[in-house]
Amino acid sequence: MNKQEADFTQGSILKKLFWFMMPVLGALILQAAYGAVDLLVVGRFGSTSGLSAVSTGSQILNLVTFVVTQLAMGITVLIARYLGEKRTDQIAPVLGGSVIVFTLISAGLCIILVCFARPISVLMQAPEESLELTVSYVRICGGGIFFIVAYNLLSAIFRGLGDSKSPLLFVLVACIVNIIGDVLLVAVFHMDAAGPSAGNSWPLDCLWLCRSSLLSFLFWHSVLS
């Protein structure tokens with residue numbers, strides 16, 4: 001998205017808002033589709049217990065993702081506000097503070113999901129025959145929660161800069177890789193419920209590492225232009 005498209009302080013807002021909103025909506029839908037893809041793959045190639053475990057575990061992961069997304073939206077608002085006010089010097093403190101806060105959030109979520117996976121699964125009323133698989137699903141997702149939080153933070157930053165297309169393309173590629181990973185881990189390696197949980201994290205792990213290396217350049221390019 002170029003400068004003219006990202007500038008909501010001039011001209012007609014409705015058209016710009018529409019084209020900005022659609023990629024955001026698409027990215028949210030794709031994130032929600034992760035659990036659906038897991039259910040389809042495990043339902044086709046896995047066991048009944050695995051299907052139950054993914055169904056329960058994905059609800060937990062969706063809840064965590066929803067909360068993180070809403071928290072990250074505050075970063076989007078602050079960055080967009082300072083850009084609109086031409087106070088770009090205030091953006092750096094926002095980025096520094098958000099990195100610290102979301103690092104603490106991801107560490108807390110990792111500890112909770114890994115260490116308390118069993119009580120959480122019991123609280124979610126996971127069937128006894130699929131309890132162990134549910135616990136494994138939640139723990140593996142919890143181990144990769146840092147990258148999921150990092151994606152939502154980076155997406156919030158880019159949206160604040162007026163770029164809603166990059167997060168959409170990023171999560172689209174992650175979804176494609178997730179589908180391939182799910183089929184490979186469940187159908188080929190027979191990992192059952194553990195396959196989708198690993199598939200949910202490692203596409204974001206790899207893509208986030210590639211994308212984060214470009215964050216500094218893209219940020220300052222957007223600000224200075």
# chains A, B, ... in the order shown; residues from 1 in each chain; ligands from 1
>>> closest_atom_pairs(of="region 28-86 of chain A", to="region 97-121 of chain A", cutoff="12 Å", atoms="only C-alpha atoms", output="Markdown table")
| residue | atom | partner | partner_atom | distance |
| --- | --- | --- | --- | --- |
| A:Ser52 | CA | A:Ser121 | CA | 11.4 |
| A:Ala53 | CA | A:Ser121 | CA | 9.1 |
| A:Val54 | CA | A:Ser121 | CA | 11.2 |
| A:Ser55 | CA | A:Ser121 | CA | 11.2 |
| A:Thr56 | CA | A:Ser121 | CA | 7.6 |
| A:Gly57 | CA | A:Ser121 | CA | 7.6 |
| A:Ser58 | CA | A:Ser121 | CA | 11.1 |
| A:Gln59 | CA | A:Ser121 | CA | 10.5 |
| A:Ile60 | CA | A:Ile120 | CA | 8.5 |
| A:Leu61 | CA | A:Leu113 | CA | 9.4 |
| A:Leu63 | CA | A:Leu109 | CA | 11.7 |
| A:Val64 | CA | A:Leu109 | CA | 8.3 |
| A:Thr65 | CA | A:Leu109 | CA | 10.7 |
| A:Val67 | CA | A:Ile105 | CA | 10.7 |
| A:Val68 | CA | A:Ile105 | CA | 8.6 |
| A:Thr69 | CA | A:Phe102 | CA | 11.0 |
| A:Leu71 | CA | A:Phe102 | CA | 9.0 |
| A:Ala72 | CA | A:Ser98 | CA | 8.4 |
| A:Met73 | CA | A:Ser98 | CA | 11.1 |
| A:Gly74 | CA | A:Ser98 | CA | 9.6 |
| A:Ile75 | CA | A:Ser98 | CA | 7.2 |
| A:Thr76 | CA | A:Ser98 | CA | 10.7 |
| A:Leu78 | CA | A:Ser98 | CA | 10.7 |
| A:Ile79 | CA | A:Ser98 | CA | 11.1 |
>>> atom_distance(atom1="CA of Leu28 (chain A)", atom2="CA of Ser155 (chain A)")
11.0 Å
>>> closest_atom_pairs(of="region 29-112 of chain A", to="region 163-169 of chain A", cutoff="10 Å", atoms="only C-alpha atoms", output="Markdown table")
| residue | atom | partner | partner_atom | distance |
| --- | --- | --- | --- | --- |
| A:Ile29 | CA | A:Leu168 | CA | 9.8 |
| A:Leu30 | CA | A:Leu168 | CA | 8.3 |
| A:Gln31 | CA | A:Leu168 | CA | 9.6 |
>>> write_last_selection(atoms="C-alpha atoms", output="mmCIF file, in the first residue's frame")
data_model
loop_
_atom_site.group_PDB
_atom_site.id
_atom_site.type_symbol
_atom_site.label_atom_id
_atom_site.label_comp_id
_atom_site.auth_asym_id
_atom_site.auth_seq_id
_atom_site.Cartn_x
_atom_site.Cartn_y
_atom_site.Cartn_z
ATOM 1 C CA ILE A 29 -10.404 -15.386 8.501
ATOM 2 C CA LEU A 30 -7.234 -17.242 7.506
ATOM 3 C CA GLN A 31 -6.049 -17.286 11.111
#
>>> atom_distance(atom1="CA of Asp89 (chain A)", atom2="CA of Gly162 (chain A)")
17.1 Å
>>> select_by_dssp(residues="region 19-197 of chain A", states="alpha helix (DSSP H)", output="MDAnalysis selection string")
chainID A and resid 19:45 48:84 91:115 117:123 131:143 145:160 165:183 194:197
>>> atom_distance(atom1="CA of Ile179 (chain A)", atom2="CA of Phe20 (chain A)")
26.9 Å
>>> closest_residue(among="A:Gly144, A:Thr134, A:Phe8, A:Val41", to="Glu85 (chain A)", atoms="only C-alpha atoms")
A:Phe8
>>> closest_residue(among="A:Val138, A:Val186, A:Gln90, A:Gly11", to="Ser47 (chain A)", atoms="only C-alpha atoms")
A:Val186
